[in-house]
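Source file: start.txt (compact mmCIF, C-alpha atoms and all ligand atoms)
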# COMPACT_ATOMS: atom_id res chain seq x y z
CA MET A 95 -58.58 -22.26 43.31
CA ARG A 96 -55.31 -23.91 42.35
CA CYS A 97 -56.98 -26.07 39.71
CA VAL A 98 -58.69 -23.09 38.16
CA TRP A 99 -55.46 -21.13 38.08
CA LEU A 100 -53.61 -24.04 36.48
CA ALA A 101 -56.33 -24.45 33.89
CA MET A 102 -56.12 -20.76 33.08
CA ALA A 103 -52.36 -20.80 32.88
CA GLU A 104 -52.40 -23.68 30.41
CA ARG A 105 -55.10 -22.19 28.23
CA PRO A 106 -53.78 -21.30 24.77
CA PRO A 107 -54.48 -17.62 24.07
CA SER A 108 -56.67 -18.62 21.11
CA ILE A 109 -59.30 -20.04 23.44
CA ASP A 110 -59.60 -16.80 25.35
CA ARG A 111 -59.81 -14.87 22.12
CA LEU A 112 -62.45 -17.21 20.76
CA ALA A 113 -64.52 -16.93 23.97
CA ARG A 114 -64.37 -13.12 23.76
CA GLU A 115 -65.47 -13.29 20.14
CA LEU A 116 -68.44 -15.49 21.08
CA ALA A 117 -69.42 -12.98 23.76
CA ILE A 118 -70.13 -10.34 21.07
CA THR A 119 -73.26 -12.17 19.91
CA ILE A 120 -73.98 -14.63 22.69
CA ASP A 121 -75.14 -13.65 26.15
CA LEU A 122 -73.66 -16.40 28.31
CA PRO A 123 -71.23 -16.17 31.25
CA HIS A 124 -67.57 -15.93 30.25
CA GLY A 125 -66.67 -19.22 31.94
CA VAL A 126 -69.30 -21.06 29.94
CA LEU A 127 -68.06 -19.57 26.65
CA VAL A 128 -64.48 -20.56 27.56
CA GLU A 129 -65.66 -24.16 28.03
CA VAL A 130 -67.45 -24.08 24.67
CA ALA A 131 -64.34 -22.66 22.98
CA ARG A 132 -62.10 -25.24 24.64
CA SER A 133 -64.29 -28.18 23.56
CA ALA A 134 -64.51 -26.81 20.01
CA VAL A 135 -60.72 -26.47 19.76
CA ALA A 136 -60.28 -30.00 21.10
CA ASP A 137 -62.91 -31.63 18.86
CA ALA A 138 -62.47 -29.67 15.64
CA PRO A 139 -59.12 -27.84 15.66
CA THR A 140 -59.38 -26.80 12.00
CA ARG A 141 -62.91 -25.31 12.24
CA ALA A 142 -62.94 -24.34 15.92
CA GLY A 143 -64.49 -20.92 15.30
CA ASP A 144 -67.53 -22.24 13.41
CA VAL A 145 -68.05 -25.17 15.73
CA ALA A 146 -67.79 -22.96 18.80
CA HIS A 147 -70.36 -20.49 17.43
CA GLU A 148 -72.73 -23.31 16.58
CA ARG A 149 -72.41 -24.91 20.02
CA ALA A 150 -72.76 -21.63 21.88
CA HIS A 151 -75.89 -20.76 19.87
CA ASP A 152 -77.36 -24.21 20.56
CA LEU A 153 -76.62 -23.84 24.25
CA GLU A 154 -78.17 -20.39 24.43
CA ALA A 155 -81.25 -21.57 22.52
CA SER A 156 -81.70 -24.50 24.91
CA LEU A 157 -82.10 -22.26 27.97
CA LEU A 158 -85.51 -21.48 29.40
CA ARG A 159 -87.04 -18.31 28.02
CA ARG A 160 -90.35 -16.68 27.36
CA VAL A 161 -92.06 -17.84 24.16
CA VAL A 162 -95.27 -17.01 22.31
CA ASN A 163 -97.61 -19.99 22.06
CA GLY A 164 -99.20 -19.70 18.63
CA THR A 165 -100.15 -23.38 18.43
CA GLY A 166 -103.73 -22.95 19.60
CA VAL A 167 -103.14 -25.67 22.20
CA LEU A 168 -104.04 -23.78 25.36
CA LEU A 169 -102.37 -26.14 27.88
CA HIS A 170 -99.30 -27.06 25.83
CA THR A 171 -97.36 -29.66 27.81
CA ASN A 172 -94.06 -28.74 26.12
CA LEU A 173 -94.64 -25.05 26.89
CA GLY A 174 -95.31 -25.58 30.59
CA ARG A 175 -99.10 -26.17 30.42
CA ALA A 176 -101.07 -23.34 32.12
CA PRO A 177 -99.19 -20.04 31.66
CA LEU A 178 -98.80 -18.00 34.81
CA SER A 179 -96.67 -15.03 35.80
CA ALA A 180 -93.84 -15.96 38.13
CA ALA A 181 -93.77 -14.85 41.75
CA GLY A 182 -91.50 -11.94 42.63
CA ASP A 183 -87.98 -11.85 44.05
CA ARG A 184 -88.77 -10.89 47.67
CA PRO A 185 -89.05 -13.15 50.73
CA LEU A 186 -92.43 -14.66 51.61
CA ASN A 187 -93.88 -15.68 54.98
CA LEU A 188 -93.69 -19.28 53.75
CA GLU A 189 -93.37 -20.92 57.17
CA TYR A 190 -93.69 -17.89 59.39
CA ASP A 191 -96.78 -17.01 61.41
CA LEU A 192 -97.06 -13.22 61.24
CA SER A 193 -99.46 -12.97 64.20
CA SER A 194 -97.32 -14.93 66.69
CA GLY A 195 -93.90 -14.34 65.13
CA GLU A 196 -93.25 -18.08 65.37
CA ARG A 197 -92.72 -20.85 62.90
CA GLY A 198 -95.83 -21.47 60.83
CA SER A 199 -97.00 -24.11 58.38
CA ARG A 200 -96.54 -23.80 54.63
CA HIS A 201 -99.49 -26.13 54.13
CA GLU A 202 -102.25 -24.79 56.36
CA PRO A 203 -103.24 -21.54 54.61
CA ILE A 204 -103.28 -23.18 51.18
CA SER A 205 -105.17 -26.19 52.57
CA ALA A 206 -107.90 -23.96 53.94
CA LEU A 207 -108.35 -22.18 50.58
CA LEU A 208 -108.30 -25.45 48.67
CA ALA A 209 -110.74 -27.20 50.96
CA GLY A 210 -113.13 -24.26 50.75
CA LEU A 211 -112.92 -24.28 46.98
CA VAL A 212 -113.57 -27.99 46.41
CA GLY A 213 -115.81 -28.60 49.42
CA SER A 214 -113.54 -31.08 51.22
CA GLU A 215 -112.63 -31.45 54.89
CA SER A 216 -108.95 -30.97 54.14
CA ALA A 217 -106.44 -30.66 51.31
CA LEU A 218 -102.70 -30.74 50.57
CA ALA A 219 -100.52 -29.50 47.71
CA VAL A 220 -97.51 -31.49 46.42
CA ASN A 221 -95.19 -31.25 43.41
CA ASN A 222 -97.48 -32.64 40.70
CA ASN A 223 -100.33 -35.10 40.33
CA ALA A 224 -97.94 -38.02 39.86
CA ALA A 225 -96.52 -37.14 43.29
CA ALA A 226 -100.05 -36.91 44.70
CA VAL A 227 -100.90 -40.45 43.54
CA LEU A 228 -97.55 -41.78 44.74
CA LEU A 229 -97.98 -40.21 48.18
CA VAL A 230 -101.59 -41.34 48.62
CA VAL A 231 -100.73 -44.94 47.78
CA ALA A 232 -97.55 -44.95 49.90
CA ALA A 233 -99.31 -43.39 52.90
CA LEU A 234 -102.53 -45.40 52.79
CA ALA A 235 -101.75 -48.72 51.09
CA GLU A 236 -98.11 -49.66 51.69
CA GLY A 237 -97.83 -53.47 51.84
CA ARG A 238 -101.52 -53.86 50.99
CA GLY A 239 -103.69 -54.12 47.89
CA VAL A 240 -105.16 -51.33 45.75
CA ALA A 241 -108.13 -52.34 43.58
CA VAL A 242 -108.04 -50.78 40.09
CA SER A 243 -110.29 -51.58 37.13
CA ARG A 244 -108.41 -53.33 34.33
CA GLY A 245 -109.70 -50.62 31.99
CA GLU A 246 -108.02 -47.93 34.09
CA CYS A 247 -104.52 -49.48 34.30
CA VAL A 248 -103.26 -46.80 31.97
CA GLU A 249 -100.20 -44.80 31.00
CA ILE A 250 -100.98 -41.08 31.31
CA GLY A 251 -97.91 -39.89 29.39
CA GLY A 252 -94.32 -39.06 30.20
CA GLY A 253 -93.83 -42.53 31.67
CA PHE A 254 -96.53 -42.21 34.34
CA ARG A 255 -97.97 -45.74 34.43
CA ILE A 256 -100.49 -46.60 37.10
CA PRO A 257 -99.21 -50.18 37.76
CA GLU A 258 -95.62 -48.93 38.13
CA VAL A 259 -96.62 -46.11 40.49
CA MET A 260 -98.47 -48.63 42.71
CA GLU A 261 -95.44 -50.88 42.82
CA ARG A 262 -93.01 -48.03 43.56
CA ALA A 263 -95.29 -46.84 46.34
CA GLY A 264 -95.03 -50.29 47.92
CA ALA A 265 -98.61 -51.41 47.24
CA ARG A 266 -99.92 -54.41 45.33
CA LEU A 267 -102.12 -53.73 42.32
CA VAL A 268 -105.25 -55.87 42.35
CA ASP A 269 -106.87 -55.44 38.97
CA VAL A 270 -110.56 -56.06 38.75
CA GLY A 271 -113.02 -56.51 35.89
CA THR A 272 -112.06 -56.42 32.21
CA THR A 273 -110.66 -53.83 29.81
CA ASN A 274 -114.07 -52.64 28.59
CA ARG A 275 -116.46 -53.58 31.41
CA THR A 276 -116.05 -53.56 35.17
CA HIS A 277 -118.97 -54.03 37.58
CA ARG A 278 -119.64 -53.29 41.22
CA ASP A 279 -119.43 -57.02 42.01
CA ASP A 280 -115.89 -57.18 40.60
CA TYR A 281 -114.80 -54.61 43.18
CA ALA A 282 -116.92 -56.25 45.93
CA ARG A 283 -115.25 -59.63 45.29
CA ALA A 284 -111.77 -58.10 45.48
CA VAL A 285 -112.64 -56.30 48.74
CA SER A 286 -113.95 -59.50 50.37
CA ASP A 287 -111.22 -61.86 49.02
CA GLU A 288 -108.12 -59.70 49.46
CA ASP A 289 -106.52 -57.19 51.81
CA ILE A 290 -107.63 -54.06 49.94
CA ALA A 291 -106.60 -50.71 51.45
CA LEU A 292 -108.00 -48.47 48.68
CA ILE A 293 -110.17 -48.53 45.60
CA MET A 294 -108.60 -46.31 42.99
CA ARG A 295 -110.45 -44.73 40.04
CA ILE A 296 -108.28 -43.22 37.32
CA HIS A 297 -109.79 -40.77 34.86
CA LEU A 298 -108.98 -41.76 31.27
CA SER A 299 -107.82 -38.21 30.54
CA ASN A 300 -106.24 -38.51 27.14
CA PHE A 301 -108.23 -41.18 25.33
CA THR A 302 -111.80 -42.43 25.14
CA VAL A 303 -113.26 -45.93 25.25
CA SER A 304 -116.56 -46.38 23.49
CA GLY A 305 -118.91 -49.19 22.51
CA PHE A 306 -119.76 -52.07 24.87
CA THR A 307 -118.44 -50.54 28.08
CA ALA A 308 -119.45 -50.32 31.74
CA ASP A 309 -117.97 -48.80 34.85
CA VAL A 310 -119.22 -48.18 38.36
CA ASP A 311 -120.36 -44.95 40.00
CA VAL A 312 -118.19 -43.59 42.78
CA ALA A 313 -121.22 -43.62 45.10
CA ASP A 314 -121.61 -47.42 44.62
CA LEU A 315 -117.91 -47.99 45.29
CA ALA A 316 -117.96 -45.81 48.40
CA ALA A 317 -120.59 -48.16 49.88
CA LEU A 318 -118.09 -51.05 49.82
CA GLY A 319 -116.43 -49.77 53.00
CA VAL A 320 -112.93 -49.05 51.61
CA PRO A 321 -111.77 -45.47 50.89
CA VAL A 322 -112.22 -44.60 47.22
CA VAL A 323 -109.50 -42.43 45.67
CA CYS A 324 -110.36 -40.67 42.39
CA ASP A 325 -107.46 -39.50 40.25
CA VAL A 326 -109.40 -36.98 38.15
CA GLY A 327 -106.19 -35.63 36.60
CA SER A 328 -107.46 -32.56 34.80
CA GLY A 329 -108.79 -30.92 37.96
CA LEU A 330 -111.99 -29.27 36.80
CA LEU A 331 -113.36 -27.84 40.05
CA ASP A 332 -117.06 -28.09 39.29
CA SER A 333 -118.98 -28.93 36.14
CA SER A 334 -121.12 -25.79 36.31
CA ALA A 335 -117.93 -23.67 36.07
CA SER A 336 -119.18 -21.38 38.85
CA PHE A 337 -115.63 -20.02 39.19
CA LEU A 338 -116.18 -18.15 35.91
CA GLY A 339 -118.86 -16.00 37.55
CA GLY A 340 -121.48 -16.62 34.85
CA ARG A 341 -119.18 -16.19 31.82
CA LEU A 342 -119.22 -18.89 29.14
CA GLN A 343 -122.97 -19.60 29.30
CA PRO A 344 -124.25 -22.12 28.40
CA VAL A 345 -121.39 -24.20 29.80
CA PRO A 346 -119.82 -26.10 26.86
CA ALA A 347 -120.00 -29.89 26.78
CA TRP A 348 -116.29 -30.39 27.34
CA ILE A 349 -116.68 -28.77 30.77
CA ALA A 350 -120.09 -30.23 31.63
CA ASP A 351 -118.90 -33.78 30.74
CA GLU A 352 -115.50 -33.60 32.44
CA PRO A 353 -115.44 -35.38 35.84
CA ALA A 354 -115.31 -32.63 38.43
CA VAL A 355 -113.49 -32.61 41.75
CA ARG A 356 -116.56 -31.42 43.65
CA ASP A 357 -118.78 -34.11 42.16
CA ALA A 358 -116.36 -36.94 43.00
CA LEU A 359 -116.18 -35.73 46.61
CA SER A 360 -119.92 -35.32 47.00
CA ASP A 361 -120.42 -38.80 45.50
CA GLY A 362 -118.39 -40.17 48.40
CA ALA A 363 -114.75 -40.32 47.25
CA GLY A 364 -112.46 -40.38 50.30
CA LEU A 365 -109.78 -38.51 48.36
CA VAL A 366 -109.44 -36.81 45.01
CA THR A 367 -106.11 -36.06 43.31
CA PHE A 368 -105.54 -33.69 40.38
CA SER A 369 -102.97 -31.50 38.62
CA GLY A 370 -102.63 -27.80 39.43
CA ASP A 371 -101.53 -26.83 35.92
CA LYS A 372 -104.35 -28.32 33.88
CA LEU A 373 -107.94 -27.01 34.15
CA LEU A 374 -107.28 -25.25 37.45
CA GLY A 375 -104.97 -22.98 35.44
CA GLY A 376 -102.32 -22.82 38.17
CA PRO A 377 -98.64 -23.69 38.56
CA GLN A 378 -97.22 -27.21 38.27
CA CYS A 379 -98.40 -28.96 41.43
CA GLY A 380 -100.63 -31.79 42.54
CA ILE A 381 -103.60 -31.53 44.89
CA ILE A 382 -104.87 -34.13 47.34
CA ALA A 383 -108.30 -33.23 48.76
CA GLY A 384 -110.82 -35.15 50.85
CA ARG A 385 -111.30 -36.70 54.27
CA ALA A 386 -109.25 -35.02 57.02
CA ASP A 387 -107.86 -38.30 58.44
CA LEU A 388 -106.68 -39.50 55.01
CA VAL A 389 -105.11 -36.14 54.10
CA ALA A 390 -103.38 -36.06 57.50
CA ALA A 391 -101.89 -39.53 56.90
CA CYS A 392 -100.45 -38.24 53.59
CA ALA A 393 -99.08 -35.08 55.26
CA ARG A 394 -97.35 -37.17 57.97
CA HIS A 395 -95.67 -39.60 55.55
CA PRO A 396 -91.87 -39.23 55.24
CA LEU A 397 -92.17 -38.86 51.44
CA MET A 398 -94.05 -35.59 52.00
CA ARG A 399 -90.77 -33.81 52.74
CA ALA A 400 -89.47 -34.80 49.30
CA LEU A 401 -92.69 -33.93 47.49
CA ARG A 402 -93.59 -30.57 49.03
CA PRO A 403 -93.88 -27.57 46.71
CA GLY A 404 -91.64 -24.49 47.00
CA SER A 405 -92.62 -20.96 47.93
CA HIS A 406 -93.07 -19.65 44.37
CA THR A 407 -95.35 -22.54 43.50
CA LEU A 408 -97.46 -22.01 46.61
CA MET A 409 -97.65 -18.26 45.98
CA SER A 410 -98.87 -18.81 42.40
CA LEU A 411 -101.28 -21.50 43.53
CA GLN A 412 -102.67 -19.20 46.19
CA SER A 413 -103.35 -16.43 43.67
CA VAL A 414 -105.18 -18.86 41.39
CA LEU A 415 -107.24 -20.29 44.27
CA LEU A 416 -108.25 -16.79 45.35
CA ALA A 417 -109.29 -15.99 41.77
CA HIS A 418 -111.48 -19.09 41.65
CA LEU A 419 -112.98 -18.22 45.04
CA ARG A 420 -113.69 -14.65 43.86
CA ARG A 421 -115.24 -16.22 40.73
CA ASP A 422 -113.23 -13.96 38.45
CA ALA A 423 -111.04 -16.68 36.90
CA ALA A 424 -112.34 -15.71 33.44
CA ASP A 425 -110.45 -12.41 33.75
CA THR A 426 -107.53 -13.20 36.06
CA VAL A 427 -106.44 -16.82 35.43
CA PRO A 428 -104.60 -16.83 32.08
CA PHE A 429 -105.84 -20.28 30.97
CA TRP A 430 -109.49 -19.40 31.64
CA ALA A 431 -109.01 -15.95 30.08
CA MET A 432 -107.89 -17.74 26.88
CA VAL A 433 -110.91 -20.06 27.01
CA CYS A 434 -113.34 -17.16 27.61
CA THR A 435 -111.98 -14.73 24.99
CA PRO A 436 -114.92 -13.94 22.66
CA ILE A 437 -114.42 -15.12 19.09
CA ASP A 438 -114.98 -11.56 17.79
CA ASP A 439 -111.98 -10.31 19.80
CA LEU A 440 -109.81 -13.00 18.23
CA GLU A 441 -110.98 -12.10 14.72
CA ARG A 442 -110.27 -8.42 15.33
CA ARG A 443 -106.79 -9.18 16.69
CA ALA A 444 -105.98 -11.58 13.83
CA ARG A 445 -107.04 -9.02 11.22
CA ALA A 446 -105.00 -6.27 12.92
CA VAL A 447 -101.85 -8.44 13.02
CA ALA A 448 -102.33 -9.68 9.45
CA GLU A 449 -102.84 -6.18 8.12
CA GLN A 450 -99.59 -4.95 9.66
CA CYS A 451 -97.67 -7.84 8.09
CA GLY A 452 -99.46 -8.24 4.75
CA VAL A 453 -100.57 -11.83 5.39
CA ASP A 454 -103.93 -13.61 5.62
CA VAL A 455 -106.27 -14.71 8.41
CA ALA A 456 -108.42 -17.83 8.74
CA ARG A 457 -110.75 -19.47 11.22
CA SER A 458 -108.97 -22.02 13.33
CA ASP A 459 -109.64 -24.71 15.93
CA ALA A 460 -107.89 -24.30 19.27
CA ALA A 461 -107.55 -27.27 21.63
CA ILE A 462 -107.43 -27.60 25.41
CA GLY A 463 -104.25 -29.71 25.55
CA ALA A 464 -102.44 -31.46 28.43
CA GLY A 465 -104.50 -34.55 27.62
CA SER A 466 -107.63 -32.79 28.91
CA ALA A 467 -110.91 -33.02 26.99
CA PRO A 468 -109.41 -35.03 24.08
CA GLY A 469 -111.06 -34.26 20.75
CA THR A 470 -112.55 -30.97 21.97
CA THR A 471 -111.94 -27.87 19.87
CA ILE A 472 -112.73 -24.22 20.58
CA ASP A 473 -113.44 -21.79 17.74
CA SER A 474 -110.55 -19.45 17.07
CA TRP A 475 -108.84 -17.20 14.52
CA ALA A 476 -105.33 -17.54 13.17
CA VAL A 477 -102.84 -15.45 11.24
CA VAL A 478 -101.85 -17.49 8.16
CA LEU A 479 -98.56 -17.44 6.25
CA ASP A 480 -98.03 -19.29 2.98
CA GLY A 481 -95.31 -21.92 3.30
CA ASP A 482 -93.62 -23.44 6.34
CA HIS A 483 -92.04 -20.62 8.39
CA SER A 484 -92.17 -22.49 11.69
CA SER A 485 -88.40 -22.76 12.02
CA ALA A 486 -87.72 -19.04 11.36
CA LEU A 487 -90.48 -18.01 13.79
CA ARG A 488 -89.03 -20.35 16.43
CA ARG A 489 -85.68 -18.57 16.04
CA HIS A 490 -87.12 -15.09 16.55
CA ALA A 491 -85.68 -13.17 19.54
CA THR A 492 -88.89 -14.07 21.38
CA PRO A 493 -89.66 -17.44 19.80
CA VAL A 494 -93.13 -17.86 18.29
CA ILE A 495 -94.29 -21.48 18.28
CA THR A 496 -96.71 -22.27 15.43
CA ARG A 497 -98.66 -25.02 13.71
CA VAL A 498 -98.05 -26.03 10.08
CA ARG A 499 -100.97 -27.39 8.07
CA ASP A 500 -101.34 -27.93 4.32
CA ALA A 501 -98.14 -25.98 3.54
CA GLN A 502 -99.36 -23.01 5.60
CA THR A 503 -98.09 -21.68 8.92
CA LEU A 504 -100.85 -20.88 11.42
CA ILE A 505 -100.48 -18.63 14.43
CA ASP A 506 -103.61 -19.25 16.49
CA LEU A 507 -104.36 -16.18 18.60
CA ARG A 508 -106.46 -17.92 21.27
CA SER A 509 -103.27 -19.22 22.91
CA VAL A 510 -101.39 -15.91 22.43
CA HIS A 511 -101.52 -13.30 25.19
CA PRO A 512 -102.99 -10.09 23.68
CA ASP A 513 -99.89 -8.16 24.78
CA ASP A 514 -97.82 -10.47 22.57
CA ASP A 515 -99.60 -9.56 19.33
CA ALA A 516 -96.82 -6.99 18.76
CA VAL A 517 -94.22 -9.76 19.10
CA VAL A 518 -96.12 -11.80 16.51
CA VAL A 519 -96.12 -8.79 14.15
CA ASP A 520 -92.33 -8.38 14.50
CA ALA A 521 -91.67 -12.08 14.04
CA VAL A 522 -93.94 -12.43 10.98
CA ARG A 523 -92.54 -9.29 9.35
CA ALA A 524 -89.05 -10.73 9.68
CA THR A 525 -90.11 -13.74 7.56
CA GLN A 526 -91.67 -11.73 4.71
C1 LIG A 601 -102.18 -35.47 33.98
C2 LIG A 601 -102.56 -36.65 34.79
C3 LIG A 601 -101.65 -37.22 35.71
C4 LIG A 601 -100.26 -36.68 35.87
O1 LIG A 601 -100.32 -35.42 36.44
P1 LIG A 601 -98.99 -34.52 36.57
O2 LIG A 601 -99.47 -33.31 37.28
O3 LIG A 601 -98.52 -34.26 35.18
O4 LIG A 601 -98.01 -35.30 37.36
C5 LIG A 601 -102.07 -38.29 36.46
N1 LIG A 601 -103.31 -38.81 36.33
C6 LIG A 601 -104.22 -38.29 35.46
C7 LIG A 601 -105.58 -38.92 35.37
C8 LIG A 601 -103.88 -37.19 34.67
O5 LIG A 601 -104.76 -36.69 33.80
Please express the file's structure as C-alpha cells.
Amino acid sequence: MRCVWLAMAERPPSIDRLARELAITIDLPHGVLVEVARSAVADAPTRAGDVAHERAHDLEASLLRRVVNGTGVLLHTNLGRAPLSAAGDRPLNLEYDLSSGERGSRHEPISALLAGLVGSESALAVNNNAAAVLLVVAALAEGRGVAVSRGECVEIGGGFRIPEVMERAGARLVDVGTTNRTHRDDYARAVSDEDIALIMRIHLSNFTVSGFTADVDVADLAALGVPVVCDVGSGLLDSSASFLGGRLQPVPAWIADEPAVRDALSDGAGLVTFSGDKLLGGPQCGIIAGRADLVAACARHPLMRALRPGSHTLMSLQSVLLAHLRRDAADTVPFWAMVCTPIDDLERRARAVAEQCGVDVARSDAAIGAGSAPGTTIDSWAVVLDGDHSSALRRHATPVITRVRDAQTLIDLRSVHPDDDAVVVDAVRATQ
C-alpha cells in the first residue's frame, strides 16, 4: 500500500490528466492507462500525448477478442484452430461425484465418452497433443529407447520436434530405416538389438513425401511385441465420417485418406495420440486413447498433474464428444458445420453481403488448415473487394481477417459464422 501511495503522491498531475484523456477512447483499466501515460512521458516528454495514445491503442488491440475469420482456412492456427463457444461462468461438478457427494474424478466421465467414441479400452485428455506425446514417452519409455522411422523424425510446427520431445521426456530416440523408405526388418532389428520400450509412428500431417517411398503397416509393427504408439495428430475419428450422420456423401478423399484414430487402434496400435482442436473440432487439448494398462501408466505419471486440462476445456470437449456420439456433428460442431455447408448456401450468403455493400463475389477455395490435409481445398464463395483492404478490415470494431490475392481482398464465407455476415457487411461498408 505504501509504495502505491508514494507513487501516486509523486505522480505529476499531467500523467493523471493524460490517463483520463486516454480513457475517453480506450477501454482499459485506469491503472493500466496511468502506466502507459507514465512510460510515454518518460520516453517522449515532448510528444507524450501522441505516444501514449499509440501505445494504449496497440495494447488494447493486442488483447484477446472475438474476430471474424474470412481467410477460408477453417482451422486457422493463429485464430485458435477449431472455433467453439466458451463454457459459462458457473461452477461445474469437475471433481465432484453428484451421486455420492464425495470427491470424483475429472478424467473418468470424459474417458468413458472418448473410449466409446474411438473404440478403445481407455482414454485420457491432456493439454494438447504435444503434451500427450510428452506424457506417453515419459510414462512408458523413460531411460529406454523409442524406435522412430528416420522419415518421421519431423518438426510439426511451433517448435514441436519429435527428437527433442523424446529427449525431454527422458527417452532415447532410436531412428530406424531411411528418410524415404523404412521396412519391417528395420524395426525388427532395432527391437532385437536395443532396449526398445515403444515403437512410435508419427503422421506427416503438414507435408507429403512422394516417389520411391515405403513404410510399414501398424498391424505388422504390432506383431513385433512392443507397444506401438501412433501420433495421428489431426484426430479424424473414423474415415467413413460416421459422426456426420450421413451428411457429406460420398466422403471426400481428404477424409477417406486421412489416417483415422479408429483404424490405427483396430490395426493394433497400443496407443493413439491426437489434437482436440483439429479434425475433432473441439477445444485445445490432446487425447491419449488405447490399452487400459498403458493409459493408466500415463494417468499415474507425476507429469499428469502439470498437463491436465481445466474445467472449461473438459466441458467443451464433452459437448463435442456428445455431438460426435449423437452423429450430429455436421450441425452442432462449428468446424464440421463449416465443412458441411452446401456450396449454394455460401453463394447465396456471398451475394447478399456483396449486394448490401456494392462489391463483387467470386468462387473461392477454402482450406482445412492446422496442417491437416495439406493441399486439400473445399469449394467456397467469397466477397471480393478491389485493392488491399486487409489492414482496415483488421481494425474494424470486430476485426475481419481476410486474404489478399492479385490486388483483391477476399472474404471467404465458408470460415465465417452465418451470424457474422452482418459484421462483414458493416466492416466492408466502412472501407467503401
Ligand atoms: C498438430 C500435431 C501435433 C501437435 O499437436 P498440438 O495439439 O498442437 O500440441 C503433434 N503431432 C502431430 C502429428 C500433429 O499433427
request  = Name all residues at most 12 Å from Ser286 in chain A (count only C-alpha atoms; drop same-chain ones fewer than 5 positions away) and give them as an NGL selection string.
outcome  = :A and (239 or 241 or 279-281 or 291 or 318-320)
task = Show me which residues sit within 6 Å of ligand LIG 601 (chain A) when counting all atoms listed in the file, and put them as number ranges by chain.
result = A: 222-224, 250, 296-297, 299, 325-328, 369, 380
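Shortest separation to His511 in chain A among A:Arg278, A:His406, A:Arg160, A:Arg295 occurs at residue A:Arg160, atoms counted being only C-alpha atoms.
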Which of A:Ala424, A:Arg399, A:Asp515, A:His418 sits closest to Ala448 in chain A [using only C-alpha atoms] = A:Asp515
query = From the list A:Leu507, A:Ala417, A:Val230, A:Leu178, which residue is nearest Pro436 in chain A when using all atoms listed in the file?
reply = A:Leu507
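Of the listed residues (A:Glu148, A:Asp482, A:Glu215, A:Glu352), A:Glu215 comes nearest to Gly364 in chain A; the distances count all atoms listed in the file.
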